[in-house]
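> Structure file input.txt (compact mmCIF, C-alpha atoms and all ligand atoms) is given on the next line.
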# COMPACT_ATOMS: atom_id res chain seq x y z
CA MET F 1 72.35 -9.86 18.30
CA SER F 2 69.79 -8.94 20.94
CA LEU F 3 66.24 -9.02 19.61
CA ALA F 4 65.04 -5.83 21.31
CA PHE F 5 63.67 -3.40 18.72
CA LEU F 6 64.69 -5.68 15.84
CA ALA F 7 61.51 -5.04 13.80
CA GLU F 8 61.66 -1.31 14.53
CA ARG F 9 65.30 -1.17 13.40
CA GLN F 10 64.56 -3.06 10.16
CA LEU F 11 61.49 -0.97 9.40
CA ALA F 12 63.37 2.29 10.00
CA ILE F 13 66.26 1.20 7.76
CA SER F 14 63.88 0.19 4.95
CA ALA F 15 61.94 3.47 5.25
CA VAL F 16 65.12 5.59 5.35
CA ARG F 17 66.58 3.76 2.33
CA ARG F 18 63.40 4.36 0.31
CA ALA F 19 63.13 8.00 1.40
CA SER F 20 66.84 8.67 0.76
CA SER F 21 66.68 7.42 -2.79
CA LEU F 22 63.54 9.52 -3.29
CA THR F 23 65.22 12.73 -2.03
CA ASP F 24 68.31 12.00 -4.10
CA SER F 25 66.21 11.76 -7.27
CA VAL F 26 64.29 14.92 -6.32
CA PHE F 27 67.55 16.85 -5.99
CA ARG F 28 68.65 15.84 -9.43
CA LYS F 29 65.36 17.07 -10.96
CA LEU F 30 64.18 19.81 -8.60
CA VAL F 31 62.57 22.76 -10.34
CA LYS F 32 61.64 26.09 -8.74
CA SER F 33 57.91 25.37 -8.36
CA GLU F 34 58.78 22.34 -6.22
CA SER F 35 59.92 24.22 -3.15
CA TYR F 36 57.97 26.50 -0.89
CA THR F 37 58.70 28.83 2.03
CA LYS F 38 56.81 27.92 5.21
CA GLY F 39 55.22 30.43 7.60
CA ASP F 40 58.40 30.43 9.73
CA LYS F 41 60.38 31.37 6.56
CA SER F 42 62.13 28.00 6.37
CA PRO F 43 62.17 26.12 3.04
CA VAL F 44 60.34 22.86 2.31
CA THR F 45 60.37 20.89 -0.93
CA VAL F 46 58.38 18.12 -2.61
CA GLY F 47 61.17 15.88 -1.29
CA ASP F 48 60.40 16.74 2.36
CA TYR F 49 56.67 16.03 1.95
CA ALA F 50 57.04 12.88 -0.14
CA ALA F 51 59.70 11.43 2.17
CA GLN F 52 57.53 12.05 5.24
CA ALA F 53 54.56 10.41 3.44
CA VAL F 54 56.67 7.29 2.70
CA ILE F 55 58.16 6.94 6.19
CA ALA F 56 54.87 7.64 8.00
CA THR F 57 52.99 5.16 5.78
CA MET F 58 55.50 2.44 6.58
CA ILE F 59 55.54 3.14 10.32
CA ARG F 60 51.73 3.14 10.49
CA ARG F 61 51.49 -0.17 8.58
CA ALA F 62 54.02 -1.89 10.81
CA PHE F 63 53.04 -0.31 14.14
CA PRO F 64 49.45 0.93 13.79
CA ASP F 65 49.17 2.14 17.39
CA ASP F 66 52.37 4.19 17.49
CA PRO F 67 52.01 7.98 17.29
CA ILE F 68 54.38 9.99 15.09
CA VAL F 69 55.95 13.41 15.64
CA GLY F 70 56.85 14.58 12.13
CA GLU F 71 58.18 17.94 11.03
CA GLU F 72 55.85 18.53 8.07
CA ASP F 73 52.06 18.76 7.66
CA SER F 74 49.89 18.70 4.54
CA LYS F 75 48.14 22.10 4.86
CA ALA F 76 49.91 23.73 1.92
CA LEU F 77 49.18 20.71 -0.29
CA ARG F 78 45.40 20.58 -0.01
CA GLY F 79 43.03 22.45 -2.32
CA GLU F 80 43.60 23.86 -5.80
CA SER F 81 46.72 25.88 -4.87
CA GLY F 82 48.52 22.74 -3.73
CA LYS F 83 47.70 20.67 -6.81
CA GLU F 84 51.00 20.93 -8.68
CA MET F 85 53.13 19.98 -5.67
CA ARG F 86 50.59 17.37 -4.54
CA ASP F 87 50.65 15.54 -7.89
CA ARG F 88 54.42 15.36 -7.84
CA ILE F 89 54.49 14.17 -4.21
CA VAL F 90 51.97 11.41 -4.94
CA GLN F 91 54.08 10.17 -7.84
CA LEU F 92 57.34 10.30 -5.87
CA ALA F 93 55.91 8.66 -2.74
CA ASN F 94 54.25 5.83 -4.67
CA ASP F 95 57.42 5.15 -6.66
CA ALA F 96 59.38 4.86 -3.39
CA LEU F 97 56.74 2.68 -1.72
CA VAL F 98 56.51 0.10 -4.53
CA LYS F 99 60.25 -0.13 -5.12
CA GLU F 100 61.82 -3.59 -4.62
CA LEU F 101 64.62 -3.07 -2.08
CA GLY F 102 65.66 -6.61 -1.38
CA VAL F 103 64.20 -10.09 -1.17
CA GLY F 104 61.06 -10.04 0.95
CA ASP F 105 61.24 -6.38 1.97
CA ASN F 106 58.01 -5.31 0.23
CA GLU F 107 56.10 -8.34 1.53
CA GLN F 108 57.37 -7.77 5.06
CA TRP F 109 55.94 -4.24 5.19
CA GLY F 110 52.81 -4.83 3.09
CA ILE F 111 53.89 -2.58 0.22
CA GLY F 112 54.86 -3.16 -3.42
CA PRO F 113 53.58 -2.97 -7.01
CA GLY F 114 49.80 -2.65 -7.27
CA LYS F 115 49.57 -1.22 -3.74
CA GLU F 116 49.94 2.47 -4.70
CA LEU F 117 48.12 4.89 -2.40
CA THR F 118 45.62 7.59 -3.34
CA PRO F 119 46.47 11.32 -2.97
CA ASP F 120 44.21 11.53 0.10
CA GLN F 121 45.89 8.52 1.73
CA LEU F 122 49.31 10.08 1.21
CA LEU F 123 48.26 13.51 2.53
CA ASP F 124 46.75 11.79 5.56
CA ALA F 125 50.03 9.87 6.01
CA ILE F 126 51.95 13.18 6.16
CA ASP F 127 49.51 14.28 8.89
CA PHE F 128 50.06 11.09 10.93
CA GLY F 129 53.05 13.18 12.04
CA ASN F 130 50.86 15.61 13.99
CA HIS F 131 51.34 14.01 17.42
CA SER F 132 52.24 16.50 20.11
CA GLY F 133 54.81 14.25 21.85
CA GLY F 134 55.08 14.03 25.65
CA PRO F 135 56.77 12.13 28.47
CA THR F 136 55.19 8.67 28.22
CA GLY F 137 54.69 5.86 25.75
CA ARG F 138 56.14 4.99 22.37
CA MET F 139 56.43 7.58 19.61
CA TRP F 140 58.37 7.95 16.39
CA THR F 141 59.99 11.12 15.10
CA ILE F 142 60.45 11.92 11.41
CA ASP F 143 62.56 14.69 9.92
CA PRO F 144 62.15 13.76 6.25
CA ILE F 145 64.87 16.14 5.11
CA ASP F 146 66.98 17.60 7.88
CA GLY F 147 69.14 20.43 6.59
CA THR F 148 66.74 21.45 3.82
CA LYS F 149 68.99 24.45 3.16
CA GLY F 150 71.93 22.10 2.58
CA PHE F 151 69.75 19.91 0.36
CA LEU F 152 68.87 22.93 -1.81
CA ARG F 153 72.57 23.85 -2.05
CA GLY F 154 73.51 20.28 -3.08
CA GLU F 155 75.45 19.79 0.15
CA GLN F 156 74.75 17.68 3.24
CA TYR F 157 71.27 16.74 4.42
CA ALA F 158 69.83 13.78 6.28
CA VAL F 159 66.69 11.63 6.36
CA CYS F 160 66.03 11.04 10.05
CA VAL F 161 63.83 8.61 11.97
CA SER F 162 63.80 7.70 15.65
CA LEU F 163 61.77 5.71 18.14
CA ILE F 164 61.34 7.25 21.59
CA VAL F 165 59.92 5.25 24.51
CA ASP F 166 59.05 7.06 27.74
CA ALA F 167 61.18 10.05 26.66
CA GLN F 168 64.28 7.88 26.02
CA VAL F 169 65.50 7.50 22.43
CA GLN F 170 65.79 3.77 21.73
CA VAL F 171 66.35 3.57 17.96
CA GLY F 172 67.80 6.13 15.55
CA VAL F 173 68.34 5.74 11.80
CA ILE F 174 69.79 8.50 9.63
CA GLY F 175 70.35 8.43 5.86
CA CYS F 176 72.98 10.79 4.45
CA PRO F 177 72.86 10.49 0.63
CA ASN F 178 75.63 13.05 0.01
CA LEU F 179 78.07 11.98 2.74
CA PRO F 180 81.20 10.07 1.60
CA TYR F 181 81.02 6.46 2.73
CA ASP F 182 84.64 6.60 3.85
CA THR F 183 86.35 9.99 4.19
CA SER F 184 89.79 8.35 4.23
CA SER F 185 89.24 6.91 0.74
CA SER F 186 89.41 8.77 -2.57
CA ASP F 187 86.94 6.45 -4.31
CA GLY F 188 84.27 9.19 -4.26
CA LEU F 189 81.53 6.77 -3.10
CA LYS F 190 78.73 8.65 -1.38
CA GLY F 191 75.71 7.64 0.61
CA CYS F 192 75.52 6.25 4.16
CA ILE F 193 72.97 5.04 6.64
CA PHE F 194 73.74 5.25 10.35
CA VAL F 195 71.94 3.14 12.92
CA GLY F 196 71.94 3.29 16.71
CA VAL F 197 69.91 0.98 18.95
CA ARG F 198 70.09 1.51 22.72
CA GLY F 199 72.41 -1.06 24.26
CA GLN F 200 73.36 -2.54 20.87
CA GLY F 201 75.97 -0.12 19.48
CA ALA F 202 76.15 2.11 16.42
CA GLU F 203 76.62 0.99 12.82
CA GLN F 204 77.04 2.30 9.32
CA LEU F 205 75.87 0.75 6.07
CA ASN F 206 75.50 2.04 2.53
CA LEU F 207 72.27 3.09 0.83
CA GLU F 208 72.08 -0.26 -0.97
CA GLY F 209 71.82 -2.00 2.41
CA SER F 210 75.35 -3.41 2.76
CA GLN F 211 76.37 -5.49 5.79
CA PRO F 212 76.43 -3.05 8.78
CA LYS F 213 79.85 -2.03 10.08
CA VAL F 214 80.28 -1.10 13.76
CA ILE F 215 81.39 2.50 14.36
CA THR F 216 82.89 4.03 17.50
CA ILE F 217 84.27 7.42 18.45
CA PRO F 218 88.09 7.20 18.43
CA SER F 219 90.46 8.87 20.91
CA PHE F 220 91.51 12.36 19.94
CA ALA F 221 94.87 13.69 21.11
CA GLU F 222 95.28 17.42 21.92
CA GLY F 223 95.71 19.21 18.61
CA GLU F 224 93.66 16.63 16.69
CA LEU F 225 90.27 17.81 17.86
CA ASN F 226 88.05 19.94 15.62
CA PHE F 227 84.47 21.19 15.80
CA LEU F 228 81.55 20.13 13.65
CA GLU F 229 79.03 22.96 13.38
CA SER F 230 76.09 24.26 11.32
CA VAL F 231 76.66 26.04 8.03
CA GLU F 232 73.87 28.44 8.96
CA ALA F 233 74.97 31.13 11.44
CA GLU F 234 71.28 31.71 12.37
CA HIS F 235 71.05 28.11 13.64
CA SER F 236 74.20 28.06 15.76
CA SER F 237 76.49 30.87 16.92
CA HIS F 238 79.77 30.64 15.03
CA SER F 239 81.33 33.36 17.19
CA THR F 240 80.59 31.61 20.51
CA ALA F 241 81.90 28.34 19.03
CA GLY F 242 85.07 30.13 17.90
CA ARG F 243 85.68 31.46 21.41
CA ILE F 244 85.16 27.99 22.92
CA ALA F 245 87.53 26.46 20.36
CA SER F 246 90.26 28.92 21.32
CA LEU F 247 89.74 28.19 25.04
CA LEU F 248 90.35 24.52 24.22
CA GLY F 249 93.45 25.40 22.20
CA ILE F 250 91.85 24.09 18.99
CA THR F 251 93.68 25.37 15.94
CA ARG F 252 91.99 23.25 13.27
CA GLU F 253 89.24 25.00 11.31
CA PRO F 254 85.67 23.88 12.14
CA THR F 255 83.98 21.54 9.69
CA ARG F 256 80.68 23.14 8.76
CA MET F 257 77.92 20.89 7.44
CA ASP F 258 74.14 20.96 7.49
CA SER F 259 71.91 18.46 9.27
CA GLN F 260 72.39 15.53 11.64
CA ALA F 261 75.19 14.36 9.34
CA LYS F 262 77.21 16.14 12.09
CA TYR F 263 76.16 13.60 14.73
CA CYS F 264 76.95 10.79 12.25
CA SER F 265 80.37 12.24 11.38
CA LEU F 266 81.18 12.53 15.09
CA ALA F 267 80.07 8.92 15.69
CA ARG F 268 82.58 7.59 13.14
CA GLY F 269 85.44 9.94 14.11
CA ASP F 270 85.28 12.53 11.32
CA GLY F 271 85.27 15.33 13.88
CA GLY F 272 85.76 15.60 17.62
CA VAL F 273 82.88 17.75 18.89
CA TYR F 274 79.43 18.70 17.58
CA MET F 275 78.89 22.24 18.84
CA ARG F 276 75.52 24.00 18.58
CA MET F 277 75.37 27.21 20.59
CA PRO F 278 72.18 29.32 20.72
CA THR F 279 72.11 32.54 18.69
CA GLY F 280 70.02 34.34 21.29
CA VAL F 281 66.80 34.61 19.24
CA GLY F 282 64.72 32.40 21.55
CA TYR F 283 64.49 29.43 19.15
CA SER F 284 63.33 26.11 20.65
CA GLU F 285 65.18 23.08 19.27
CA LYS F 286 62.89 20.38 17.83
CA ILE F 287 63.04 16.74 19.01
CA TRP F 288 63.30 15.37 15.43
CA ASP F 289 66.50 17.41 14.89
CA HIS F 290 68.34 15.56 17.69
CA ALA F 291 66.71 12.26 18.73
CA PRO F 292 68.25 9.88 16.15
CA GLY F 293 71.64 11.64 16.21
CA LEU F 294 71.77 11.40 20.00
CA VAL F 295 71.32 7.62 20.17
CA ILE F 296 73.83 7.05 17.35
CA VAL F 297 76.46 9.15 19.15
CA GLU F 298 75.76 7.64 22.58
CA GLU F 299 75.97 4.12 21.15
CA ALA F 300 79.27 5.02 19.45
CA GLY F 301 80.60 5.88 22.91
CA GLY F 302 79.83 9.59 23.10
CA VAL F 303 78.01 11.96 25.42
CA VAL F 304 75.30 14.44 24.37
CA CYS F 305 74.10 17.26 26.61
CA ASP F 306 73.21 20.94 26.45
CA GLY F 307 75.56 23.83 27.21
CA ARG F 308 74.72 23.60 30.93
CA GLY F 309 75.60 19.91 31.03
CA GLU F 310 71.91 18.91 31.25
CA PRO F 311 70.59 15.92 29.28
CA LEU F 312 68.33 16.71 26.30
CA ASN F 313 64.72 16.15 27.36
CA PHE F 314 62.65 14.34 24.72
CA GLY F 315 59.54 14.24 26.92
CA LEU F 316 58.53 17.90 26.54
CA GLU F 317 56.27 17.63 23.50
CA ARG F 318 57.63 18.66 20.08
CA THR F 319 60.55 20.78 21.30
CA LEU F 320 63.46 20.36 23.70
CA GLY F 321 61.97 23.21 25.77
CA GLU F 322 64.34 25.59 27.49
CA ASN F 323 67.48 23.66 26.65
CA PHE F 324 70.65 25.64 26.02
CA GLY F 325 72.22 24.48 22.76
CA VAL F 326 73.79 21.07 22.22
CA ILE F 327 77.27 19.64 22.76
CA ALA F 328 78.18 16.12 21.65
CA THR F 329 81.64 14.61 22.02
CA GLY F 330 83.52 11.47 23.01
CA LYS F 331 83.57 10.58 26.72
CA GLU F 332 87.21 11.52 27.28
CA TRP F 333 86.74 15.11 26.06
CA HIS F 334 83.30 15.70 27.52
CA GLN F 335 84.23 17.40 30.82
CA ARG F 336 86.89 19.63 29.26
CA VAL F 337 84.59 20.71 26.45
CA LEU F 338 81.72 21.42 28.85
CA LYS F 339 83.95 23.59 31.06
CA ALA F 340 85.16 25.56 28.04
CA VAL F 341 81.57 25.99 26.80
CA GLN F 342 80.49 27.43 30.13
CA GLN F 343 83.41 29.85 30.20
CA GLY F 344 83.00 30.79 26.51
CA VAL F 345 79.27 31.46 26.90
CA LYS F 346 79.89 33.63 30.00
CA GLU F 347 82.54 35.69 28.19
CA THR F 348 80.46 36.07 25.02
CA SER F 349 77.38 37.20 26.93
CA SER F 350 79.28 39.70 29.10
CA ALA F 351 80.97 41.10 25.95
CA GLN F 352 77.53 41.47 24.34
CA ALA F 353 76.13 43.16 27.47
CA LYS F 354 78.97 45.75 27.37
CA ALA F 355 78.56 46.43 23.62
N1 LIG N 401 67.04 29.71 14.53
C1 LIG N 401 67.34 28.43 14.59
N2 LIG N 401 68.17 27.95 15.54
C2 LIG N 401 68.49 26.65 15.61
N3 LIG N 401 68.03 25.72 14.73
C3 LIG N 401 67.19 26.13 13.76
C4 LIG N 401 66.81 27.49 13.63
N4 LIG N 401 65.98 27.59 12.56
C5 LIG N 401 65.85 26.33 12.06
N5 LIG N 401 66.58 25.45 12.77
C6 LIG N 401 66.68 24.01 12.62
O1 LIG N 401 67.97 23.68 12.14
C7 LIG N 401 67.83 22.50 11.39
C8 LIG N 401 69.03 22.30 10.51
O2 LIG N 401 70.13 22.12 11.34
P1 LIG N 401 71.62 22.48 10.93
O3 LIG N 401 71.79 23.94 11.15
O4 LIG N 401 72.40 21.65 11.89
O5 LIG N 401 71.77 22.08 9.51
C9 LIG N 401 66.55 22.73 10.63
O6 LIG N 401 66.03 21.50 10.26
P2 LIG N 401 65.28 21.36 8.83
O7 LIG N 401 66.27 21.65 7.77
O8 LIG N 401 64.83 19.94 8.91
O9 LIG N 401 64.13 22.33 8.86
C10 LIG N 401 65.67 23.46 11.64
O10 LIG N 401 64.81 22.60 12.34
MG MG N 402 62.39 22.37 8.03
MG MG N 403 65.62 19.29 10.81
MG MG N 404 63.38 18.90 7.91
Written as C-alpha cells, that's how I'd like the structure from this file.

Amino acid sequence: MSLAFLAERQLAISAVRRASSLTDSVFRKLVKSESYTKGDKSPVTVGDYAAQAVIATMIRRAFPDDPIVGEEDSKALRGESGKEMRDRIVQLANDALVKELGVGDNEQWGIGPGKELTPDQLLDAIDFGNHSGGPTGRMWTIDPIDGTKGFLRGEQYAVCVSLIVDAQVQVGVIGCPNLPYDTSSSDGLKGCIFVGVRGQGAEQLNLEGSQPKVITIPSFAEGELNFLESVEAEHSSHSTAGRIASLLGITREPTRMDSQAKYCSLARGDGGVYMRMPTGVGYSEKIWDHAPGLVIVEEAGGVVCDGRGEPLNFGLERTLGENFGVIATGKEWHQRVLKAVQQGVKETSSAQAKA
C-alpha cells in the first residue's frame, strides 16, 4: 500500500472507532437531560460533545499543528448551567480515550489508563474545532454525530472525520454504528467503518477493526437504480427528488436514511444515487457534512457534484458557499442523472412560481 497519509488514516480510524463505541453506549442510556436544542433549533447530545472531544484530542496529539473545523463548540457546557452535561461528557470522553482498542494503539497515540484529561482540557479540545477553514493548508473536519435526529430516533447516524489539504479532501473516515455490515446477509450484524484515501481506494471494516475490504460502486442497469435521500424533508426536497426520479424512469421507492451513511451506502452499492436537493430556505451546506463522504464515494468510483454539475468547494471556510444541493452517483449514471436534475429543478421552480 502507498504510504501517503498512512498515519492520518490510522489515527482517524482509531478516533472514529472510539467515538462510535461512545455514541453507541450513549444511545443505549440517553436520558432527556442529556440533549439540548442549539440556537439554530437543531439537537445536540452529550454524545456529540464527547465524541468531538475524543476525536479532537487525538488529532491534536498526533498532529499538533493541524487546525480543526468541528461542528460543535463548548459554550453551552461552561458555567453552572452546563455542569450536568459537562460531568457526563468528561466521563464518557475519558472512558473512550483510555480504552484499549488493539495492541499498541494507546501507546501510538499517547493515550490510555492514567492519562485521563481534566474537564477544562476536554472543553478546550471541543473548541479546537473552531477553525474557520479556507482555501490553503491542512485541516481536519469533525462531525461527531452526523444525523443527530436519526441518532435520537435510534436510526442511522455517522461519526465523520476528514483531512482536507489545499481544499481537496484527502482522507475520509466514517463510522456507522447502526448500519448493517452486509445488507445481503440476514445475520443482523451492525456497525461499519468506511475509509477513503485519495488515490488508494475505498474500504469497509467493522467497528472492531476487522481487515479492511475494498468497496466499489457496481453497475446499475435501468430499473435497478434507486435514490438515497434524507429522512428530513427540511434538509432535502423530497418533491424535487421525486420529480427527478420520474424523469429517470425510476420506479423503486427511495431509501431514506439520515447522515453520511448515504454516501457510504452508495459507495458499496446499496443505492444508486445520493440526491440532496435544496429546500429553498437559503441553507448553506457545511463542509463536515460532505467532505469524508465525498472522498469515500470518489474512491469507490463515483462522482460527486452539485445540482449545476459544479464540484463541491471545500476551500470556502466552514460552508460550501452558494452550492446548489448535492448529487453523488457512479460514473456511468452521472451525466444522465445530472441532466434529469437540471430539468427537474427547472420544472419544480416554474411550478412553484405559478402557484
Ligand atoms: N435546512 C437544512 N438543509 C440542509 N441540511 C441541513 C439543514 N439543517 C440541518 N442540516 C444538516 O443536515 C445534516 C443531516 O443530514 P441528513 O439530512 O442527510 O441526515 C445535519 O447534520 P447534523 O445532524 O450533524 O447536525 C445538518 O448539518
Ligand atoms: Mg448538528
Ligand atoms: Mg452533520
Ligand atoms: Mg453533527
> Ranking F:Ile68, F:Ala300, F:Val44, F:Val281 by minimum distance to ligand MG 403 (chain N) and counting all atoms listed in the file, which one comes first?
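That would be F:Val44, the residue with the smallest distance to ligand MG 403 (chain N).
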> Using all atoms listed in the file, find each residue in chain F having at least one atom no more than 8 Å away from ligand MG 403 (chain N); report its shortest atom-to-atom pair and that distance in Å (one decimal), rows by chain then rising number, as a tab-separated table.

residue	atom	partner	partner_atom	distance
F:Glu71	CA	N:MG403	MG	7.6
F:Asp143	CA	N:MG403	MG	5.6
F:Pro144	CA	N:MG403	MG	8.0
F:Ile145	CA	N:MG403	MG	6.6
F:Asp146	CA	N:MG403	MG	3.6
F:Gly147	CA	N:MG403	MG	5.6
F:Thr148	CA	N:MG403	MG	7.4
F:Ser259	CA	N:MG403	MG	6.5
F:Gln260	CA	N:MG403	MG	7.8
F:Lys286	CA	N:MG403	MG	7.6
F:Trp288	CA	N:MG403	MG	6.5
F:Asp289	CA	N:MG403	MG	4.6
> Can you check which parts of stretch 77-186 of chain F lie within 8 Å of stretch 45-51 of chain F? Per residue, the shortest pair of atoms and distance in Å to one decimal, counting all atoms listed in the file, sorted by chain and number, as JSON lines.

{"residue": "F:Met85", "atom": "CA", "partner": "F:Val46", "partner_atom": "CA", "distance": 6.4}
{"residue": "F:Arg88", "atom": "CA", "partner": "F:Val46", "partner_atom": "CA", "distance": 7.1}
{"residue": "F:Ile89", "atom": "CA", "partner": "F:Ala50", "partner_atom": "CA", "distance": 5.0}
{"residue": "F:Val90", "atom": "CA", "partner": "F:Ala50", "partner_atom": "CA", "distance": 7.1}
{"residue": "F:Leu92", "atom": "CA", "partner": "F:Ala50", "partner_atom": "CA", "distance": 6.3}
{"residue": "F:Ala93", "atom": "CA", "partner": "F:Ala50", "partner_atom": "CA", "distance": 5.1}
{"residue": "F:Ile126", "atom": "CA", "partner": "F:Tyr49", "partner_atom": "CA", "distance": 6.9}
{"residue": "F:Pro144", "atom": "CA", "partner": "F:Asp48", "partner_atom": "CA", "distance": 5.2}
{"residue": "F:Ile145", "atom": "CA", "partner": "F:Asp48", "partner_atom": "CA", "distance": 5.3}
{"residue": "F:Thr148", "atom": "CA", "partner": "F:Thr45", "partner_atom": "CA", "distance": 8.0}
> Please measure the separation of atom CA of F:Glu203 and atom CA of F:Pro64, giving the value in Å to one decimal.
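If I compute the distance from atom CA of F:Glu203 to atom CA of F:Pro64, I get 27.2 Å.
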> Which protein, DNA or RNA residues are at most 12 Å from (60.7, 12.5, 8.8) in the file's coordinates when you count all atoms listed in the file, listed as an NGL selection string?
:F and (12 or 15-16 or 19-20 or 23 or 47-59 or 68-73 or 125-130 or 140-148 or 158-163 or 172-175 or 287-289 or 291-292)
> Nearest residue to ligand MG 404 (chain N) out of F:Leu152, F:Leu228, F:Val326, F:Val98, using all atoms listed in the file?
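For ligand MG 404 (chain N), the nearest of the given residues is F:Leu152.
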> What's around F:Glu100 at 12 Å? Count only C-alpha atoms, leave out sequence neighbours fewer than 2 positions away in its own chain, and write the answer as a list in words.
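Result of the neighbour search: Ser14, Arg17, Arg18, Asp95, Ala96, Leu97, Val98, Gly102, Val103, Gly104, Asp105, Asn106, Glu107, Gln108, Trp109, Gly110, Ile111, Gly112, Pro113 and Glu208 of chain F.
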> Around stretch 317-333 of chain F, with edges along x, y and z and 6 Å added on all six sides, what centre and edge lengths do you get, in Å to one decimal, as JSON?

{"center_x": 71.7, "center_y": 18.1, "center_z": 23.8, "size_x": 42.9, "size_y": 27.1, "size_z": 19.4}
> Generate N, CA and C atoms for stretch 215-238 of chain F and emit them as a PDB file, keeping the file's coordinate frame.

ATOM      1  N   ILE F 215      80.604   1.259  14.271  1.00  0.00           N
ATOM      2  CA  ILE F 215      81.390   2.500  14.360  1.00  0.00           C
ATOM      3  C   ILE F 215      81.527   2.928  15.815  1.00  0.00           C
ATOM      4  N   THR F 216      82.676   3.510  16.145  1.00  0.00           N
ATOM      5  CA  THR F 216      82.890   4.030  17.500  1.00  0.00           C
ATOM      6  C   THR F 216      83.666   5.338  17.394  1.00  0.00           C
ATOM      7  N   ILE F 217      83.527   6.160  18.416  1.00  0.00           N
ATOM      8  CA  ILE F 217      84.270   7.420  18.450  1.00  0.00           C
ATOM      9  C   ILE F 217      85.708   7.108  18.866  1.00  0.00           C
ATOM     10  N   PRO F 218      86.703   7.504  18.065  1.00  0.00           N
ATOM     11  CA  PRO F 218      88.090   7.200  18.430  1.00  0.00           C
ATOM     12  C   PRO F 218      88.606   8.170  19.497  1.00  0.00           C
ATOM     13  N   SER F 219      89.798   7.922  19.992  1.00  0.00           N
ATOM     14  CA  SER F 219      90.460   8.870  20.910  1.00  0.00           C
ATOM     15  C   SER F 219      91.029  10.014  20.102  1.00  0.00           C
ATOM     16  N   PHE F 220      90.906  11.205  20.607  1.00  0.00           N
ATOM     17  CA  PHE F 220      91.510  12.360  19.940  1.00  0.00           C
ATOM     18  C   PHE F 220      92.588  12.932  20.856  1.00  0.00           C
ATOM     19  N   ALA F 221      93.808  13.059  20.326  1.00  0.00           N
ATOM     20  CA  ALA F 221      94.870  13.690  21.110  1.00  0.00           C
ATOM     21  C   ALA F 221      94.684  15.210  21.035  1.00  0.00           C
ATOM     22  N   GLU F 222      95.293  15.949  21.998  1.00  0.00           N
ATOM     23  CA  GLU F 222      95.280  17.420  21.920  1.00  0.00           C
ATOM     24  C   GLU F 222      95.808  17.799  20.543  1.00  0.00           C
ATOM     25  N   GLY F 223      95.226  18.783  19.921  1.00  0.00           N
ATOM     26  CA  GLY F 223      95.710  19.210  18.610  1.00  0.00           C
ATOM     27  C   GLY F 223      95.036  18.492  17.457  1.00  0.00           C
ATOM     28  N   GLU F 224      94.361  17.371  17.767  1.00  0.00           N
ATOM     29  CA  GLU F 224      93.660  16.630  16.690  1.00  0.00           C
ATOM     30  C   GLU F 224      92.183  16.978  16.642  1.00  0.00           C
ATOM     31  N   LEU F 225      91.707  17.579  17.747  1.00  0.00           N
ATOM     32  CA  LEU F 225      90.270  17.810  17.860  1.00  0.00           C
ATOM     33  C   LEU F 225      89.814  18.933  16.918  1.00  0.00           C
ATOM     34  N   ASN F 226      88.649  18.795  16.316  1.00  0.00           N
ATOM     35  CA  ASN F 226      88.050  19.940  15.620  1.00  0.00           C
ATOM     36  C   ASN F 226      86.545  19.933  15.859  1.00  0.00           C
ATOM     37  N   PHE F 227      85.904  21.058  15.572  1.00  0.00           N
ATOM     38  CA  PHE F 227      84.470  21.190  15.800  1.00  0.00           C
ATOM     39  C   PHE F 227      83.701  20.880  14.520  1.00  0.00           C
ATOM     40  N   LEU F 228      82.538  20.264  14.713  1.00  0.00           N
ATOM     41  CA  LEU F 228      81.550  20.130  13.650  1.00  0.00           C
ATOM     42  C   LEU F 228      80.451  21.135  13.996  1.00  0.00           C
ATOM     43  N   GLU F 229      80.081  22.002  13.067  1.00  0.00           N
ATOM     44  CA  GLU F 229      79.030  22.960  13.380  1.00  0.00           C
ATOM     45  C   GLU F 229      78.158  23.256  12.168  1.00  0.00           C
ATOM     46  N   SER F 230      77.024  23.945  12.407  1.00  0.00           N
ATOM     47  CA  SER F 230      76.090  24.260  11.320  1.00  0.00           C
ATOM     48  C   SER F 230      76.724  25.181  10.292  1.00  0.00           C
ATOM     49  N   VAL F 231      76.295  25.060   9.060  1.00  0.00           N
ATOM     50  CA  VAL F 231      76.660  26.040   8.030  1.00  0.00           C
ATOM     51  C   VAL F 231      75.958  27.363   8.338  1.00  0.00           C
ATOM     52  N   GLU F 232      74.705  27.259   8.776  1.00  0.00           N
ATOM     53  CA  GLU F 232      73.870  28.440   8.960  1.00  0.00           C
ATOM     54  C   GLU F 232      74.166  29.140  10.291  1.00  0.00           C
ATOM     55  N   ALA F 233      74.644  30.388  10.220  1.00  0.00           N
ATOM     56  CA  ALA F 233      74.970  31.130  11.440  1.00  0.00           C
ATOM     57  C   ALA F 233      73.711  31.470  12.235  1.00  0.00           C
ATOM     58  N   GLU F 234      72.521  31.446  11.598  1.00  0.00           N
ATOM     59  CA  GLU F 234      71.280  31.710  12.370  1.00  0.00           C
ATOM     60  C   GLU F 234      70.887  30.489  13.210  1.00  0.00           C
ATOM     61  N   HIS F 235      71.414  29.320  12.891  1.00  0.00           N
ATOM     62  CA  HIS F 235      71.050  28.110  13.640  1.00  0.00           C
ATOM     63  C   HIS F 235      71.969  27.875  14.823  1.00  0.00           C
ATOM     64  N   SER F 236      73.195  28.391  14.737  1.00  0.00           N
ATOM     65  CA  SER F 236      74.200  28.060  15.760  1.00  0.00           C
ATOM     66  C   SER F 236      75.252  29.162  15.720  1.00  0.00           C
ATOM     67  N   SER F 237      75.584  29.707  16.904  1.00  0.00           N
ATOM     68  CA  SER F 237      76.490  30.870  16.920  1.00  0.00           C
ATOM     69  C   SER F 237      77.927  30.469  16.576  1.00  0.00           C
ATOM     70  N   HIS F 238      78.391  30.928  15.429  1.00  0.00           N
ATOM     71  CA  HIS F 238      79.770  30.640  15.030  1.00  0.00           C
ATOM     72  C   HIS F 238      80.753  31.379  15.923  1.00  0.00           C
TER      73      HIS F 238
END
